[in-house]
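Here the structure is laid out as structure tokens; the discussion comes afterwards.
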Amino acid sequence: MKHLALTTALVGSLALPAAAETIGVSIPAATHGWAGALNFHAEQTVERLEKQYENLDFVLTTTPDSGTQISDLEDMVATRNIDALVVLPFESEPLTGPIQRIAESGTWVTVVDRGLSQEGIENLYVAGDNESFGKTAGDYFVENLDEGSKVVVLRGIPTSIDNERVEAFQAALDGSGVEVLAMEHGNWNRDDAFTVMQDYLSRYPEIDAVWAADDDMAVGAIGAIEQAGREDEMWVVGGAGMKEMVRRVQEGDDMVPVDVTYPPAMIATAIELTALGVMSEGVPMSGEFILSSELITQENAEQYYYEDSPY
Amino acid sequence: MSTASTNGAAARGFKIDLTVLGPILALLALVLIGILLNPNFLSYANITNVLARSAFIGIIAVGMTFVITAGGLDLSVGSMAAFIAGLMILCMNLLIPGMGENLGVILIGVLVALAAGLVAGAINGLLVTRAGIEAFIVTLGTMGIYRSLVTWLADGGTLSLDYAMRELYRPVYYGGILGISWPIIVFAVVAILGEIVMRHTAFGRHCAAIGSNETVARYSTVAVLRVKTLTYVLLGLLVGVAVVMYVPRLGSASASTGLLWELEAIAAVIIGGTMLKGGFGRVWGTVVGVLILSLIGNILNLTDMVSPYLNGAIQGVIIILAVVLQRKGKASR
């Protein structure tokens with residue numbers, strides 16, 4: 001049965017009129033919560049657009065590392081003859097060359113979130129704003145903490161994304177008198193964050209707030225704080241907009257007063273815009289599309305809560 | 001006869017046996033560094049934290065000691081733990097509408113975890129022994145399979161235990177008796193039983209015999225295939241036990257659960273003095289190895305002396321140093 005379906009699909013794709021357009025989508029595999037949500041939104045969007053446009057085909061691949069992603073891109077160009085590419089580069093440096101060659105061959109290129117190391121390659125750039133992600137959180141800390149307050153920070157996987165966020169956070173705190181006690185890597189992972197937070201709690205008798213910089217890490221940090229019975233001493237700000245965290249903000253949880261968005265649904269924005277560009281002749285689509293990081297508060301939390309999302 | 005043996009013992013007593021003392025000295029050195037660097041290091045809370053967080057890898061590493069002693073290897077345990085955790089959470093969430101939030105659901109969840117571990121271990125073991133495929137290849141394959149399965153079960157996101165259920169199950173990680181938390185107790189019991197089985201039972205001796213020379217062991221009427229299969233089954237079961245302790249901690253499982261646990265477990269086993277090529281195993285050494293690995297992370301978190309970028313490098317240096325110490329001791333004997 002499966003064989004049959006596969007053969008028909010193959011025959012079907014061969015029999016399609018030449019006018020059919022194919023969009024390749026290449027994104028990192030679901031190795032952490034945020035990337036999982038990215039996969040979810042990518043699949044949903046592809047499914048929806050294939051229904052919406054009859055002459056539009058998609059190739060969706062997920063990759064565990066840069067090397068595989070380069071092979072995936074080569075396969076897409078060689079065997080599926082894609083007309084447009086939506087790519088979230090696993091790493092900027094190694095993928096800049098391969099993507100540049102695809103762009104030079106006349107294929108439309110949309111780059112998502114992680115910018116390439118050379119400018120002017122892509123036709124469209126859709127991204128979150130890491131600087132505003134760090135600054136939004138930092139501003140909240142400055143406004144809601146007194147001078148001399150003590151803060152600990154959980155950092156993500158060591159990458160330029162993490163560096164940009166942390167630098168913006170520190171810049172926002174500069175001159176405010178809020179003291180950052182320590183910054184260790186929790187790798188955007190619940191278990192790692194739990195461990196690091198436990199150790200912060202044994203190390204510092206006074207902590208007023210935690211910047212967990214990611215909702216998965218916030219879950220881990222909160223677990224450790226509850227274990228130590230120090231819930232009343234500090235609050236935690238995560239980031240990205242995981243639905244459990246948004247729910248807690250919405251319910252007015254004292255420990256999770258706010259959250260900062262970094263929407264994984266940006267992949268949907270990118271695919272939609274690319275499809276629009278490919279299917280609608282003459283609609284200008286080139287440029288940059290930057291999604292700013294918003295502060296989720298109890299008042300506006302409802303609009304950031306996605307019931308169906310796994311994240 | 002008796003004089004000869006006492007002489008032998010005395011001679012050995014004078015020479016410092018690094019294969020035995022190496023891991024213990026490393027552990028003591030780390031404890032000393034910890035005390036010097038931070039006064040809170042020896043606090044009740046910190047010690048409980050370190051021991052409890054070592055429990056997952058520790059319980060798994062005890063099982064891994066048997067597999068490695070018998071000349072095998074299992075790379076799949078981290079993924080297996082993630083998959084079993086996902087399966088357990090999924091089952092418990094499915095049961096809640098029918099059964100309500102009670103201890104029965106937890107009990108079934110625990111049974112599911114243990115059974116899944118047993119089956120997963122048996123699959124690894126049978127593929128290695130009956131299908132005759134190298135352990136490295138079999139478990140590399142199952143590692144990928146379980147990791148994908150948990151990602152698929154979680155739809156790429158995170159599987160979370162129902163909130164009320166989590167509150168009910170929480171004490172299994174955070175609670176305890178006489179101030180000693182459950183994961184520490186379970187880890188200790190598993191380690192002590194493991195040590196007894198390794199040293200004082202036919203199964204333990206058979207593992208060592210197979211690991212040092214499989215052909216000779218077979219001629220000596222050791223049921224090689226059965227014993228080897230059993231080491232993987234035992235390891236699978238212990239992965240199940242570790243998951244039972246892990247799930248109540250944060251009540252969730254995702255694609256990043258148990259990442260690299262297999263390498264930490266293998267490293268702990270080797271630091272503890274078990275031979276990677278098999279033939280000799282030391283369960284208490286494994287426990288020391290696990291504690292060394294946990295302490296490195298703990299100490300690095302308690303100080304600012306080293307850039308956090310270098311944590312991995314420091315762990316690497318200490319792993320290699322611990323093993324070098326032992327091998328040197330062995331060579332000089």
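Identifiers in the structure tokens: chain A, B, ... in order shown; residue index from 1 per chain; ligand index from 1 in order shown.
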
Quick one: which chain A residues come within 8 Å of chain B, and what is the nearest atom pair for each with the distance in Å to one decimal, counting only C-alpha atoms, rows ordered by chain and ascending number, as a tab-separated table?
residue	atom	partner	partner_atom	distance
A:Ala30	CA	B:Gly156	CA	5.3
A:Thr31	CA	B:Ala255	CA	5.5
A:His32	CA	B:Ser256	CA	5.8
A:Gly33	CA	B:Gly157	CA	5.1
A:Trp34	CA	B:Gly157	CA	7.7
A:Ala35	CA	B:Gly156	CA	7.7
A:Gly36	CA	B:Gly156	CA	4.1
A:Ala37	CA	B:Gly157	CA	6.2
A:Asn39	CA	B:Gly156	CA	6.9
A:Phe40	CA	B:Gly156	CA	7.0
A:Pro158	CA	B:Tyr309	CA	7.6
A:Ala182	CA	B:Asp304	CA	7.6
A:Glu184	CA	B:Pro308	CA	6.0
A:His185	CA	B:Pro308	CA	6.8
A:Asn189	CA	B:Ser256	CA	7.0
A:Arg190	CA	B:Leu250	CA	8.0
A:Asp191	CA	B:Thr257	CA	7.6
A:Thr195	CA	B:Arg53	CA	7.7
A:Val196	CA	B:Asn301	CA	6.5
A:Gln198	CA	B:Asn49	CA	7.1
A:Asp199	CA	B:Asn301	CA	6.1
A:Tyr200	CA	B:Leu302	CA	7.0
A:Ser202	CA	B:Asn46	CA	6.0
A:Arg203	CA	B:Leu302	CA	5.9
A:Val219	CA	B:Leu250	CA	7.7
A:Gly220	CA	B:Leu250	CA	6.9
A:Gly223	CA	B:Leu250	CA	6.4
A:Gln227	CA	B:Tyr174	CA	7.0
A:Pro310	CA	B:Gly157	CA	5.0
A:Tyr311	CA	B:Gly157	CA	5.4

Step one, run DSSP on the backbone; step two, keep only residues of range 10-259 of chain B assigned to helix (DSSP H, G or I); then write them as a ChimeraX atom specification. /B:10-14,18-37,39-42,44-69,77-99,103-129,135-153,163-169,171-174,182-200,202-212,214-219,224-250

What are the DSSP strand (DSSP E or B) residues of range 2-246 of chain B, as a PyMOL selection string? chain B and resi 158-160+176-177+180-181

Restricting it to N, CA, C and O atoms, dump the selection as a PDB file, in the first residue's frame.
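The result, written out as again34.pdb:
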ATOM      1  N   THR B 158       7.987  18.959  23.874  1.00  0.00           N
ATOM      2  CA  THR B 158       8.258  18.385  25.183  1.00  0.00           C
ATOM      3  C   THR B 158       7.020  17.656  25.681  1.00  0.00           C
ATOM      4  O   THR B 158       5.910  18.169  25.573  1.00  0.00           O
ATOM      5  N   LEU B 159       7.223  16.440  26.205  1.00  0.00           N
ATOM      6  CA  LEU B 159       6.124  15.719  26.837  1.00  0.00           C
ATOM      7  C   LEU B 159       6.121  16.093  28.307  1.00  0.00           C
ATOM      8  O   LEU B 159       7.122  15.902  28.995  1.00  0.00           O
ATOM      9  N   SER B 160       5.000  16.624  28.792  1.00  0.00           N
ATOM     10  CA  SER B 160       4.950  17.021  30.197  1.00  0.00           C
ATOM     11  C   SER B 160       3.892  16.224  30.932  1.00  0.00           C
ATOM     12  O   SER B 160       2.800  16.021  30.426  1.00  0.00           O
ATOM     13  N   GLY B 176      12.373  11.850  50.871  1.00  0.00           N
ATOM     14  CA  GLY B 176      13.363  10.892  51.347  1.00  0.00           C
ATOM     15  C   GLY B 176      13.070  10.474  52.759  1.00  0.00           C
ATOM     16  O   GLY B 176      12.023  10.826  53.328  1.00  0.00           O
ATOM     17  N   ILE B 177      13.995   9.667  53.340  1.00  0.00           N
ATOM     18  CA  ILE B 177      13.837   9.351  54.759  1.00  0.00           C
ATOM     19  C   ILE B 177      15.098   9.767  55.501  1.00  0.00           C
ATOM     20  O   ILE B 177      16.202   9.657  54.978  1.00  0.00           O
ATOM     21  N   ILE B 180      17.789  11.841  53.864  1.00  0.00           N
ATOM     22  CA  ILE B 180      18.497  11.355  52.674  1.00  0.00           C
ATOM     23  C   ILE B 180      17.460  11.160  51.581  1.00  0.00           C
ATOM     24  O   ILE B 180      16.468  10.459  51.772  1.00  0.00           O
ATOM     25  N   SER B 181      17.680  11.816  50.425  1.00  0.00           N
ATOM     26  CA  SER B 181      16.620  11.795  49.426  1.00  0.00           C
ATOM     27  C   SER B 181      16.593  10.458  48.687  1.00  0.00           C
ATOM     28  O   SER B 181      17.593   9.740  48.616  1.00  0.00           O
TER      29      SER B 181
END

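For the pair CA of Glu93 in chain A and CA of Gly115 in chain A, the separation is 9.4 Å.
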
For range 21-26 of chain A: contacts at 9 Å, only C-alpha atoms, fewer than 4 positions along chain excluded, given as a ChimeraX atom specification: /A:42,55-63,69,72-73,76-77,80-89,271,274-275,278-279

Shortest interatomic distance to Leu95 in chain B - which of B:Gly141, B:Met165, B:Ala191, B:Ile68, counting only C-alpha atoms: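 Nearest to Leu95 in chain B: B:Met165.
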
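By only C-alpha atoms, and with residues fewer than 6 positions from Gly240 in chain B along its chain excluded, the set lying at most 6 Å from it is Ala113, Leu114 and Gly117 of chain B.
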
Can you pull out every residue within 9 Å of Ala26 in chain B, counting only C-alpha atoms, but drop anything in the same chain fewer than 5 positions away, and send it as number ranges by chain? B: 21, 31, 292, 318, 321-322

Selection to disk with C-alpha atoms, as a CSV table (one decimal), in the first residue's frame:
chain,number,residue,atom,x,y,z
B,21,LEU,CA,43.8,4.4,45.0
B,31,VAL,CA,36.5,17.5,47.5
B,292,ILE,CA,34.1,12.6,40.2
B,318,ILE,CA,40.5,15.0,34.6
B,321,LEU,CA,44.5,12.0,34.2
B,322,ALA,CA,42.4,9.6,36.3

To one decimal place, how far is CA of Gly252 in chain A from CA of Ala240 in chain A in Å?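 Computing the Euclidean distance for CA of Gly252 in chain A and CA of Ala240 in chain A yields 18.1 Å.
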
One-decimal distance in Å that lies between CA of Pro263 in chain A and CA of Tyr304 in chain A: 9.3 Å

Of the residues A:Thr261, A:Asn144, A:Ser280, A:Asn130, which is the one nearest to Tyr53 in chain A, using only C-alpha atoms? A:Ser280

Using only C-alpha atoms: which of B:Glu134, B:Ser76, B:Leu291, B:Ile106 has the shortest distance to Ile184 in chain B: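 Ranked by minimum distance to Ile184 in chain B, first place goes to B:Leu291.
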